[in-house]
Amino acid sequence: QPLHTLRSAEKELLPGFHQFEWQPALKNVSSSWDVGIINGLSGWTSSVDDVPADTIARRFRYDVALVSALKDLEEDIMEGLRQRGLDDSTCTSGFTVVVKESCDGMGDVSEKHGSGPVVPEKAVRFSFTVMSISVRADGEEDAVTIFQEQKPNSELSCRPLCLMFVDESDHETLTAILGPVVAERKAMLESRLILSVGGLLRSF
């Protein structure tokens, strides 16, 4: 059952919440950082012509999931700085994170969700992978890569962000459900993430 997948992912990926801040604050996104699984339809803006969403979706807020991923890579980030001969106490800004997103059909789940509301019998998972992290040290022109995902196509490096009962060919519903996710991504691109990594606040 896909919702089980997300619940088990929550236990694995969000063992505890990590405090973080965005500067400037993200547009139309709450500044609270202790947010778990939310209803994937909560950001759905329906027009008069829209049919009510006859589906179920659950997701993480994008920035909370990204912070969780970065905290999991904390040791790799610090090791990368050391290997590059960079003084981690001076590298507190100029970090860049490259993320790859993917949207995969999970096939027919009609047998798996038992009794309950009638929902589409196919599920789709939207996820992301942290591909690389680089830093541009003060006074340097070029950024230096300090983390590179060695297995970008592995399930282990893939972070589930949203699970929804919807046919992957139903682009209209997919676009509507993922609208808030895309809006959060756009907001993140226009802001800086302030997060404690290796005991110091660093900006990404």
# chains A, B, ... in the order shown; residues from 1 in each chain; ligands from 1
call {"tool": "closest_atom_pairs", "arguments": {"of": "range 51-81 of chain A", "to": "range 120-129 of chain A", "cutoff": "9 Å", "atoms": "only C-alpha atoms", "output": "CSV"}}
result
residue,atom,partner,partner_atom,distance
A:Asp54,CA,A:Pro120,CA,7.9
A:Thr55,CA,A:Pro120,CA,6.5
A:Ile56,CA,A:Pro120,CA,8.7
A:Leu66,CA,A:Phe128,CA,8.8
A:Ala69,CA,A:Thr129,CA,8.7
call {"tool": "select_by_dssp", "arguments": {"residues": "chain A", "states": "helix (DSSP H, G or I)", "output": "ChimeraX atom specification"}}
result
/A:2-13,62-72,74-83,155-157,171-189
call {"tool": "closest_atom_pairs", "arguments": {"of": "range 127-153 of chain A", "to": "range 73-80 of chain A", "cutoff": "9 Å", "atoms": "only C-alpha atoms", "output": "tab-separated table"}}
result
residue	atom	partner	partner_atom	distance
A:Ile133	CA	A:Ile77	CA	7.8
A:Thr145	CA	A:Gly80	CA	7.9
A:Ile146	CA	A:Gly80	CA	4.3
A:Phe147	CA	A:Gly80	CA	6.1
call {"tool": "closest_residue", "arguments": {"among": "A:Val64, A:Ala57, A:Ile38, A:Leu200", "to": "Glu184 in chain A", "atoms": "only C-alpha atoms"}}
result
A:Val64
call {"tool": "residues_around", "arguments": {"residues": "range 61-63 of chain A", "least_positions_apart": "2", "cutoff": "8 Å", "atoms": "only C-alpha atoms", "output": "PyMOL selection string"}}
result
chain A and resi 35-38+59+65-67+161+181+184-185+188
call {"tool": "closest_residue", "arguments": {"among": "A:Asn28, A:Ser154, A:Thr96, A:Ser102", "to": "Ser132 in chain A", "atoms": "only C-alpha atoms"}}
result
A:Thr96
call {"tool": "atom_distance", "arguments": {"atom1": "CA of Asp138 in chain A", "atom2": "CA of Ser93 in chain A"}}
result
8.3 Å
call {"tool": "closest_residue", "arguments": {"among": "A:Trp22, A:Phe60, A:Phe165, A:Phe17", "to": "Phe204 in chain A", "atoms": "only C-alpha atoms"}}
result
A:Trp22
call {"tool": "atom_distance", "arguments": {"atom1": "CA of Asp34 in chain A", "atom2": "CA of Ser68 in chain A"}}
result
11.0 Å
call {"tool": "atom_distance", "arguments": {"atom1": "CA of Gln19 in chain A", "atom2": "CA of Leu195 in chain A"}}
result
7.2 Å
call {"tool": "closest_residue", "arguments": {"among": "A:Arg58, A:Lys27, A:Lys151, A:His18", "to": "Met164 in chain A", "atoms": "only C-alpha atoms"}}
result
A:Arg58
call {"tool": "select_by_dssp", "arguments": {"residues": "range 23-194 of chain A", "states": "strand (DSSP E)", "output": "VMD selection string"}}
result
chain A and resid 23 38 to 39 57 to 59 95 to 108 122 to 135 144 to 148 158 to 165 192 to 194
call {"tool": "closest_residue", "arguments": {"among": "A:Val135, A:Cys162, A:Lys71, A:Gly198", "to": "Gly179 in chain A", "atoms": "only C-alpha atoms"}}
result
A:Cys162
call {"tool": "closest_residue", "arguments": {"among": "A:Ser196, A:Ser169, A:Ser203, A:Ser191", "to": "Ser134 in chain A", "atoms": "only C-alpha atoms"}}
result
A:Ser203
